$ cat upload14.txt   # compact mmCIF, C-alpha atoms
# COMPACT_ATOMS: atom_id res chain seq x y z
CA MET A 545 17.26 -1.19 -1.09
CA LEU A 546 18.92 -0.43 2.26
CA ASP A 547 20.88 2.81 2.58
CA VAL A 548 24.50 2.04 3.42
CA ARG A 549 24.91 5.33 5.27
CA LYS A 550 22.10 4.40 7.67
CA LEU A 551 23.69 0.98 8.18
CA VAL A 552 26.95 2.69 9.14
CA LEU A 553 25.07 4.75 11.74
CA LEU A 554 23.56 1.60 13.22
CA ARG A 555 26.98 -0.03 13.43
CA GLU A 556 28.38 3.07 15.11
CA VAL A 557 25.65 2.98 17.77
CA GLN A 558 26.57 -0.62 18.54
CA ALA A 559 30.28 0.24 18.74
CA ARG A 560 29.83 3.38 20.85
CA GLY A 561 27.04 2.18 23.09
CA SER A 562 24.64 5.08 22.58
CA ILE A 563 23.12 7.34 19.94
CA ALA A 564 24.77 10.39 21.53
CA ALA A 565 28.24 8.83 21.43
CA ALA A 566 27.73 7.69 17.84
CA ALA A 567 26.63 11.19 16.82
CA GLU A 568 29.69 12.74 18.49
CA SER A 569 32.10 10.33 16.79
CA LEU A 570 30.60 11.12 13.36
CA ASN A 571 30.16 14.88 13.96
CA TYR A 572 26.37 14.60 13.62
CA THR A 573 23.69 15.91 15.93
CA ARG A 574 21.97 13.37 18.13
CA SER A 575 18.60 14.17 16.58
CA ALA A 576 19.95 13.62 13.05
CA VAL A 577 21.24 10.16 13.96
CA SER A 578 18.01 9.31 15.75
CA GLN A 579 15.94 10.38 12.73
CA GLN A 580 18.06 8.33 10.32
CA LEU A 581 17.80 5.24 12.49
CA SER A 582 14.04 5.68 12.81
CA ALA A 583 13.89 5.87 9.01
CA LEU A 584 15.93 2.67 8.77
CA GLU A 585 13.50 0.93 11.12
CA ALA A 586 10.62 2.11 8.95
CA GLU A 587 12.36 0.82 5.80
CA THR A 588 13.03 -2.59 7.32
CA GLY A 589 9.74 -2.81 9.20
CA THR A 590 11.72 -4.03 12.21
CA GLU A 591 12.66 -2.59 15.59
CA LEU A 592 16.44 -2.28 15.54
CA LEU A 593 17.10 -0.22 18.70
CA ASP A 594 16.24 -1.20 22.25
CA ARG A 595 15.09 2.13 23.68
CA ARG A 596 14.13 0.86 27.13
CA SER A 597 17.20 2.46 28.74
CA ASN A 598 19.15 5.70 28.37
CA ARG A 599 21.94 3.84 26.53
CA ALA A 600 20.36 2.61 23.33
CA GLY A 601 21.33 -0.97 22.65
CA LEU A 602 20.49 -3.05 19.62
CA THR A 603 17.79 -5.67 19.37
CA SER A 604 18.65 -9.12 18.03
CA ALA A 605 17.46 -7.90 14.60
CA GLY A 606 19.71 -4.84 14.90
CA ARG A 607 22.72 -6.96 15.75
CA LEU A 608 21.97 -9.26 12.82
CA LEU A 609 21.82 -6.28 10.48
CA VAL A 610 25.17 -4.98 11.80
CA ASP A 611 26.73 -8.38 11.07
CA HIS A 612 25.55 -8.08 7.47
CA THR A 613 26.76 -4.47 7.39
CA GLU A 614 30.33 -5.62 8.05
CA HIS A 615 30.18 -7.86 4.94
CA ILE A 616 28.52 -5.15 2.86
CA LEU A 617 31.14 -2.55 3.76
CA ALA A 618 33.96 -5.03 3.13
CA GLY A 619 32.55 -5.77 -0.33
CA LEU A 620 32.25 -2.09 -1.19
CA GLU A 621 35.79 -1.38 0.03
CA THR A 622 37.15 -4.32 -1.95
CA ALA A 623 35.50 -2.97 -5.11
CA GLU A 624 36.95 0.48 -4.48
CA SER A 625 40.42 -0.96 -3.76
CA ASP A 626 40.37 -3.10 -6.89
CA LEU A 627 39.43 -0.08 -9.00
CA LEU A 628 42.33 1.88 -7.52
CA ALA A 629 44.67 -1.05 -8.12
CA ALA A 630 43.61 -1.15 -11.77
CA THR A 631 45.07 2.34 -12.23
CA GLY A 632 48.50 1.13 -11.13
CA ARG A 633 49.05 4.35 -9.14
CA VAL A 634 49.78 4.74 -5.42
CA ARG A 635 48.24 8.03 -4.37
CA GLY A 636 45.76 9.67 -2.01
CA GLU A 637 46.00 9.66 1.78
CA LEU A 638 46.82 6.75 4.07
CA ARG A 639 45.93 7.17 7.76
CA VAL A 640 48.13 5.06 10.02
CA GLY A 641 47.42 4.40 13.70
CA VAL A 642 50.55 4.08 15.85
CA PRO A 643 51.10 3.59 19.59
CA PHE A 644 53.69 6.38 19.80
CA HIS A 645 55.76 5.00 22.69
CA GLU A 646 56.91 1.95 20.72
CA GLY A 647 55.29 1.94 17.28
CA PRO A 648 57.61 4.34 15.41
CA ALA A 649 60.68 2.13 15.74
CA LEU A 650 58.77 -0.73 14.10
CA LEU A 651 56.82 1.07 11.41
CA ILE A 652 58.40 4.41 10.53
CA PRO A 653 61.29 2.97 8.43
CA ALA A 654 58.81 1.13 6.20
CA LEU A 655 56.46 4.12 5.95
CA THR A 656 59.35 6.45 5.11
CA ARG A 657 60.50 4.22 2.25
CA VAL A 658 56.94 3.93 0.89
CA ARG A 659 56.56 7.70 1.03
CA ASP A 660 59.87 8.16 -0.80
CA LEU A 661 58.90 5.65 -3.49
CA HIS A 662 55.42 7.11 -3.99
CA PRO A 663 55.50 10.92 -3.61
CA ALA A 664 51.83 11.20 -4.64
CA LEU A 665 50.86 9.31 -1.46
CA ARG A 666 50.29 11.35 1.70
CA ILE A 667 50.85 9.32 4.89
CA THR A 668 49.51 10.72 8.17
CA LEU A 669 50.02 9.29 11.66
CA GLN A 670 47.47 9.16 14.46
CA GLY A 671 48.42 8.26 18.01
CA LEU A 672 46.30 5.42 19.37
CA PRO A 673 46.21 3.55 22.67
CA VAL A 674 47.58 0.02 22.29
CA GLY A 675 44.22 -1.51 23.16
CA GLY A 676 42.20 0.56 20.69
CA CYS A 677 44.02 -0.12 17.42
CA ARG A 678 41.86 -2.92 16.03
CA GLU A 679 38.62 -1.09 16.79
CA ALA A 680 39.93 2.11 15.17
CA VAL A 681 40.69 0.18 11.97
CA ARG A 682 37.35 -1.64 11.99
CA LEU A 683 35.40 1.59 12.35
CA GLY A 684 37.40 3.33 9.60
CA GLN A 685 39.06 5.90 11.86
CA VAL A 686 42.42 4.84 10.38
CA ASP A 687 43.32 2.71 7.37
CA LEU A 688 45.87 0.52 9.12
CA ALA A 689 47.44 0.28 12.56
CA LEU A 690 49.90 -1.62 14.68
CA ALA A 691 48.18 -3.96 17.12
CA MET A 692 49.46 -6.14 19.94
CA GLY A 693 48.34 -9.52 21.25
CA TYR A 694 49.38 -12.32 23.59
CA ASP A 695 49.01 -16.03 22.94
CA GLU A 696 48.16 -16.79 26.58
CA VAL A 697 45.25 -14.31 26.67
CA PRO A 698 43.90 -14.10 23.09
CA GLU A 699 41.44 -11.35 22.23
CA PRO A 700 38.13 -12.21 20.56
CA PRO A 701 38.44 -11.85 16.77
CA MET A 702 36.94 -8.79 15.10
CA PRO A 703 35.08 -9.39 11.85
CA GLY A 704 36.45 -8.01 8.61
CA LEU A 705 40.09 -7.50 9.68
CA TYR A 706 43.31 -8.83 8.15
CA GLU A 707 46.49 -9.04 10.26
CA GLU A 708 50.05 -9.14 8.95
CA PRO A 709 52.63 -10.38 11.52
CA VAL A 710 55.40 -7.84 12.14
CA ALA A 711 57.40 -8.94 15.18
CA ALA A 712 57.51 -11.21 18.21
CA ASP A 713 58.39 -9.26 21.32
CA ARG A 714 59.72 -10.91 24.51
CA VAL A 715 58.09 -9.83 27.78
CA ARG A 716 60.36 -9.49 30.83
CA LEU A 717 59.92 -8.48 34.45
CA ALA A 718 60.95 -4.89 35.20
CA VAL A 719 62.23 -4.14 38.70
CA GLY A 720 63.85 -1.11 40.26
CA PRO A 721 67.63 -0.55 40.23
CA GLY A 722 68.02 -2.49 43.51
CA GLY A 723 65.84 -5.12 41.93
CA ALA A 724 65.87 -8.17 44.13
CA ALA A 725 62.76 -9.46 45.83
CA ASP A 726 65.24 -10.34 48.57
CA GLU A 727 67.33 -7.16 48.74
CA SER A 728 70.26 -9.14 50.17
CA ALA A 729 70.57 -11.15 46.95
CA SER A 730 73.29 -10.16 44.51
CA ARG A 731 71.00 -10.65 41.53
CA PRO A 732 67.20 -10.59 41.27
CA PRO A 733 65.56 -14.03 41.16
CA ASP A 734 64.13 -15.16 37.83
CA ARG A 735 61.12 -17.00 39.25
CA LEU A 736 57.88 -15.04 39.10
CA ALA A 737 56.70 -16.63 42.37
CA ALA A 738 59.54 -14.80 44.16
CA TYR A 739 57.64 -11.54 43.54
CA ALA A 740 54.35 -12.68 45.08
CA ASP A 741 54.78 -10.27 48.00
CA ARG A 742 55.77 -7.28 45.87
CA ALA A 743 53.50 -4.44 44.78
CA TRP A 744 52.62 -4.33 41.07
CA ALA A 745 51.93 -1.59 38.53
CA LEU A 746 49.61 -2.66 35.71
CA ASP A 747 46.24 -2.15 34.05
CA PRO A 748 44.32 -5.41 34.60
CA ASP A 749 41.94 -4.55 31.75
CA SER A 750 44.71 -4.26 29.13
CA GLY A 751 46.16 -7.16 27.15
CA LEU A 752 49.44 -6.91 29.05
CA GLY A 753 47.56 -6.67 32.33
CA ARG A 754 45.56 -9.80 31.56
CA LEU A 755 48.80 -11.58 30.65
CA THR A 756 50.31 -10.50 33.99
CA VAL A 757 47.32 -11.74 35.99
CA HIS A 758 47.40 -15.03 34.03
CA ALA A 759 51.15 -15.51 34.59
CA CYS A 760 50.89 -14.68 38.28
CA ALA A 761 48.01 -17.13 38.72
CA ALA A 762 50.14 -19.84 37.08
CA ALA A 763 52.88 -18.96 39.61
CA GLY A 764 50.40 -19.36 42.47
CA PHE A 765 49.53 -15.82 43.51
CA VAL A 766 47.35 -12.79 42.78
CA PRO A 767 49.32 -9.57 42.10
CA ASP A 768 48.85 -6.74 44.58
CA ILE A 769 48.08 -3.88 42.19
CA VAL A 770 49.05 -0.53 43.71
CA ALA A 771 49.12 1.51 40.48
CA ARG A 772 46.65 1.04 37.63
CA THR A 773 47.97 2.45 34.37
CA SER A 774 48.24 1.31 30.75
CA ASP A 775 50.94 3.94 30.04
CA LEU A 776 54.09 1.82 30.02
CA GLN A 777 56.39 4.83 30.24
CA ALA A 778 54.60 5.83 33.43
CA THR A 779 54.87 2.23 34.60
CA LEU A 780 58.64 2.21 34.05
CA GLY A 781 58.91 5.45 36.02
CA LEU A 782 57.03 3.94 38.95
CA VAL A 783 59.14 0.77 38.80
CA SER A 784 62.35 2.81 38.77
CA LEU A 785 61.21 4.72 41.86
CA GLY A 786 60.56 1.47 43.69
CA TRP A 787 56.77 1.76 43.73
CA GLY A 788 56.26 -1.71 42.27
CA VAL A 789 57.29 -4.23 39.64
CA SER A 790 55.72 -4.94 36.26
CA LEU A 791 55.90 -7.08 33.14
CA VAL A 792 57.12 -5.00 30.19
CA PRO A 793 57.73 -5.98 26.51
CA ASP A 794 61.28 -5.48 25.22
CA LEU A 795 60.20 -3.10 22.44
CA VAL A 796 58.99 -0.59 25.03
CA PRO A 797 62.01 1.74 25.35
CA ASP A 798 63.53 2.64 28.70
CA ARG A 799 62.40 5.93 30.18
CA PRO A 800 65.34 8.38 30.25
CA GLY A 801 66.44 9.14 33.78
CA TYR A 802 64.49 6.23 35.30
CA PRO A 803 66.71 3.13 35.28
CA VAL A 804 65.16 -0.32 35.68
CA ARG A 805 66.43 -3.88 35.49
CA ARG A 806 64.68 -6.26 33.08
CA ILE A 807 64.72 -9.90 34.09
CA ILE A 808 64.16 -12.91 31.82
CA LEU A 809 61.80 -15.13 33.79
CA ASP A 810 62.45 -18.83 34.16
CA GLY A 811 60.09 -21.18 32.33
CA PRO A 812 58.15 -20.78 29.07
CA GLY A 813 58.87 -17.40 27.54
CA LEU A 814 56.14 -14.77 27.60
CA MET A 815 55.77 -13.19 24.17
CA ARG A 816 53.83 -10.31 22.66
CA ARG A 817 52.81 -10.58 19.01
CA VAL A 818 52.90 -7.36 16.98
CA SER A 819 50.88 -7.19 13.77
CA LEU A 820 49.78 -4.68 11.16
CA VAL A 821 45.97 -4.58 10.98
CA VAL A 822 43.91 -3.49 7.96
CA ARG A 823 40.33 -4.00 6.91
CA GLY A 824 39.98 -7.07 4.72
CA GLY A 825 38.47 -5.02 1.91
CA ALA A 826 41.47 -2.68 1.82
CA VAL A 827 44.20 -5.28 1.33
CA SER A 828 44.22 -4.72 -2.44
CA ASN A 829 44.29 -0.93 -2.07
CA PRO A 830 47.59 0.15 -3.74
CA ALA A 831 48.71 2.29 -0.78
CA VAL A 832 47.96 -0.45 1.75
CA SER A 833 49.58 -3.07 -0.50
CA ALA A 834 52.73 -0.94 -0.76
CA VAL A 835 53.03 -0.68 3.02
CA LEU A 836 52.38 -4.40 3.55
CA ALA A 837 54.98 -5.30 0.93
CA GLU A 838 57.59 -3.00 2.50
CA VAL A 839 56.89 -4.32 6.01
CA ARG A 840 57.37 -7.87 4.70
CA ARG A 841 60.58 -6.88 2.92
CA GLN A 842 62.08 -5.26 6.01
CA SER A 843 60.97 -8.15 8.25
CA ASP A 844 62.63 -10.66 5.89
CA ALA A 845 65.79 -8.54 5.79
CA SER A 846 66.01 -8.40 9.57
CA LEU A 847 65.94 -12.20 9.72
CA ARG A 848 68.85 -12.66 7.28
CA LEU A 849 72.26 -13.43 8.70
CA PRO A 850 74.94 -10.81 7.95

$ encode --input "upload14.txt" --output "structure tokens"
Amino acid sequence: MLDVRKLVLLREVQARGSIAAAAESLNYTRSAVSQQLSALEAETGTELLDRRSNRAGLTSAGRLLVDHTEHILAGLETAESDLLAATGRVRGELRVGVPFHEGPALLIPALTRVRDLHPALRITLQGLPVGGCREAVRLGQVDLALAMGYDEVPEPPMPGLYEEPVAADRVRLAVGPGGAADESASRPPDRLAAYADRAWALDPDSGLGRLTVHACAAAGFVPDIVARTSDLQATLGLVSLGWGVSLVPDLVPDRPGYPVRRIILDGPGLMRRVSLVVRGGAVSNPAVSAVLAEVRRQSDASLRLP
């Protein structure tokens, strides 16, 4: 029978791109990981690692085994969650990944109420980059996390994850205090094409950056990127100082001392979808279930008319 711990090591190598990186993420030595993977190859009678380069990749058999590993781990986690649910108690530790610039306003009220209702549950927060939340959940670095996505530039699905919608967040154009593409105008134009000649601050590899490139292409131009950053607080600072313009979601708070103008663009609205991500096998975990239920309750309450 295959050793689940060795399967986890193989999956980590695929996720990290090398044996050394996998060993570092798991606090193992490189030689220990290498020995365990060699033992797994001996057990399966199949070459699982492609060792022809310095960065060990997986063979087709190795990738197939990782696909099965995702299902195996989900089944084990479901069994563990169901056993915990059978006790009827919410306890233990729940690790929550949060993009700290904007996540607290969305999630902290629900987490605070869950903590108050279940004092035996310890909730800890871990700051995560917006683009790394789903991967952190999948690899078990956190138990749940806030994740962002855009309909116009969907991300490839990750196996074994469940997503609970939390909010829809409008994306607007941020410009400096003067604001207008034509500085003689009394108000900034609301057509994206009017900013074709402006400098832009964005990370083209991020979800928001891909959305920006997509929207600009639809408006007939390629953005001139003069500052590459995924830190939206830094972006707002640059915009305020007149270094460029940028698309920014509404839930990203203004940076104190750096005023900007946010413009609703003409045409179909650009939206960011915010969701709470957990591993599929953990949905029935009492702590996770309590957070999901409270997030749903608060989302429903926010939609009710006063």

$ residues_around --input "upload14.txt" --residues "A:Glu624" --least-positions-apart "6" --cutoff "9 Å" --atoms "only C-alpha atoms" --output "list in words"
Gly825, Ala826 and Asn829 of chain A

$ write_last_selection --input "upload14.txt" --atoms "C-alpha atoms" --output "compact mmCIF listing (two decimals), keeping the file's coordinate frame"
# COMPACT_ATOMS: atom_id res chain seq x y z
CA GLY A 825 38.47 -5.02 1.91
CA ALA A 826 41.47 -2.68 1.82
CA ASN A 829 44.29 -0.93 -2.07

$ closest_residue --input "upload14.txt" --among "A:Ala654, A:Leu620, A:Cys677, A:Leu608" --to "A:Ala834" --atoms "only C-alpha atoms"
A:Ala654

$ atom_distance --input "upload14.txt" --atom1 "atom CA of A:Pro767" --atom2 "atom CA of A:Leu795"
23.4 Å

$ atom_distance --input "upload14.txt" --atom1 "atom CA of A:Val658" --atom2 "atom CA of A:Leu690"
16.4 Å

$ closest_residue --input "upload14.txt" --among "A:Thr773, A:Asn571, A:Thr756, A:Gln685" --to "A:Leu791" --atoms "all atoms listed in the file"
A:Thr756

$ closest_residue --input "upload14.txt" --among "A:Asp775, A:Asp741, A:Asp794, A:Glu614" --to "A:Arg817" --atoms "only C-alpha atoms"
A:Asp794

$ atom_distance --input "upload14.txt" --atom1 "atom CA of A:Gly704" --atom2 "atom CA of A:Ser828"
13.9 Å
